[in-house]
Each structure stands twice: as structure tokens, then as C-alpha cells.
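A short write-up of the structure that comes next.
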Amino acid sequence: MQLSATPYEERLTAPRSWWLLSLLAGVSMALILLPFGTLPMLGGLAGGTAVAAVVASSYGSVRIRVVGGSLIAGEARIPVTALGEAEVLDAEEARAWRTHKADPRSFMLLRAYIPGALRVEITDPEDPTPYVFLSTREPERLAEALRAAKAAA
């Protein structure tokens, strides 16, 4: 497997506030189980917090990578030779492409809590997907990694 010239890897982790919400979910479960006694209440606190934390962690476990001549975004694997120009989007433009400018055929890896994004055209004529929209904290660095990987391919 050939590595790209500028390797890139990013994990779109959940924001810190979601971990506080996980704790609050546990407290809510504890309050629901309070009439049944102290032991069920403590079990509800631990269990509710753990379940909410697993949900937050799994939502924030998606990765974006440029490796081996491919863009890997979540479960999508796209060869860089099938990618066109990458457009770095600021927060306002990213919101527009998530809403009224969005094409329903596009592949979108959205995380609303991440303001920046990258939109990459798909140039493969056999692929009906017009573009890939990726929420990313470092759109310029991802665009540079894609350019470097295309130059190396």
C-alpha cells in the first residue's frame, strides 16, 4: 500500500458539552429510579451515564483519512483519482451547502458542531455522486493532503 505524500487523519470527536449531557442523562435515570431505593438509583446513575457516553463516543468516532491514494471518510472509500477540485468552505458557506445548496445525491459526512467543511467534486463519470461534503476542523490541511495524494497518484 502506497502512503500519500501528506498523510492526513482526523477524528470528528463529540464536543465536550456532550459529555456533560451524558452525566445529566445518568442523573435523570437516577431520579427516575429513586423511588425504588438507593441501590437502583446508583445503578441508574452508572448505567444511564455509561449508555449516554457510549452513544456520544460512537457518534464522535468517525474518521477522515487520506492514505494509500484514497480518501476514507467514515465508511466511504474514494480513490483520489476520482476526485476533482477541493473547495474549502467557511462556516457560512458550509451551512449553505448543508441546506439550500445541497444535492441529495451527494455524500455528506456532517457534524453540525464543526463549523468548517470541505467540498470535493467527484469526477468519475460512472459515479452518480456529484460531490463529497466533509465537516472538518482543518479544511485547508485536508485539501492540501488531497492535492498531494493526487499528485503522487
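In the C-alpha cells, chains take letters A, B, ... by order of appearance, with residues numbered from 1 within each chain and ligands from 1 in the order shown.
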Quiz prompt | Those of chain A in DSSP strand (DSSP E), formatted as number ranges by chain | solution = A: 8-11, 63-67, 70-73, 76-79, 83-89, 107-109, 117-122, 131-135
Quiz prompt | For region 60-74 of chain A: contacts at 9 Å, only C-alpha atoms, fewer than 2 positions along chain excluded, given as JSON, numbers by chain | solution = {"A": [1, 2, 3, 4, 5, 6, 7, 8, 9, 10, 11, 12, 13, 14, 15, 55, 56, 57, 58, 76, 77, 78, 79, 80, 81, 83, 109, 111, 134, 136, 142, 145, 146, 149, 150, 152, 153]}
Quiz item: Do you know which residues are at most 7 Å from Val27 (chain A) counting only C-alpha atoms, after dropping those on the same chain fewer than 4 positions away, and could you put them as a PyMOL selection string?
Solution: chain A and resi 23+31+45
Given the selection you just returned, output its residues as a file containing all heavy atoms, formatted as a CSV table (one decimal), in the first residue's frame.
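Resulting contents of selection14.csv:
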chain,number,residue,atom,x,y,z
A,23,LEU,N,-23.6,12.8,31.6
A,23,LEU,CA,-23.7,12.8,33.0
A,23,LEU,C,-25.2,13.2,33.5
A,23,LEU,O,-25.8,12.5,34.3
A,23,LEU,CB,-22.7,13.7,33.7
A,23,LEU,CG,-22.8,13.8,35.2
A,23,LEU,CD1,-22.5,12.4,35.8
A,23,LEU,CD2,-21.9,14.8,35.7
A,31,LEU,N,-32.8,9.7,39.1
A,31,LEU,CA,-34.0,10.3,39.7
A,31,LEU,C,-35.3,9.5,39.4
A,31,LEU,O,-36.2,9.4,40.2
A,31,LEU,CB,-34.2,11.7,39.2
A,31,LEU,CG,-33.2,12.8,39.7
A,31,LEU,CD1,-33.3,14.1,39.0
A,31,LEU,CD2,-33.3,12.9,41.2
A,45,LEU,N,-27.8,5.7,37.8
A,45,LEU,CA,-26.8,6.8,37.6
A,45,LEU,C,-25.6,6.2,36.8
A,45,LEU,O,-25.3,6.8,35.7
A,45,LEU,CB,-26.3,7.3,38.9
A,45,LEU,CG,-25.1,8.3,38.8
A,45,LEU,CD1,-25.6,9.6,38.1
A,45,LEU,CD2,-24.6,8.7,40.2
Exercise. Name the closest residue to Asp124 (chain A) among the candidates A:Ala82, A:Leu42, A:Ala30, A:Leu89; distances are taken between atoms, counting only C-alpha atoms.
Key: A:Ala82
Quiz item: Taking into account only C-alpha atoms, which residue in the set A:Glu121, A:Trp97, A:Leu24, A:Tyr113 is nearest to Ala50 (chain A)?
Solution: A:Leu24
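For Glu140 (chain A), the residues within 10 Å (counting only C-alpha atoms, excluding itself and residues fewer than 6 positions away along the chain) are Ala86, Glu87, Val88, Leu89, Gly116, Ala117, Leu118 and Leu146 of chain A.
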Quiz item: Nearest to Arg119 (chain A): which of A:Asp103, A:Glu85, A:Glu92, A:Glu138 is it, counting only C-alpha atoms?
Solution: A:Glu85
Quiz prompt | From A:Met108, A:Ala53, A:Pro115, A:Glu75, residue lying nearest Thr129 (chain A) [only C-alpha atoms] | solution = A:Met108
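Between CA of Ser22 (chain A) and CA of Val51 (chain A) there is a distance of 8.0 Å.
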Practice problem: Take CA of Ala96 (chain A) and CA of Ile114 (chain A) and report the distance between them in Å, one decimal. | Solution: 14.0 Å
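Rounded to one decimal, CA of Arg95 (chain A) and CA of Ile122 (chain A) lie 20.3 Å from each other.
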Self-check item: For Gly84 (chain A), the nearest of the candidates A:Ala46, A:Leu21, A:Val120, A:Ala151, counting only C-alpha atoms
Solution: A:Val120
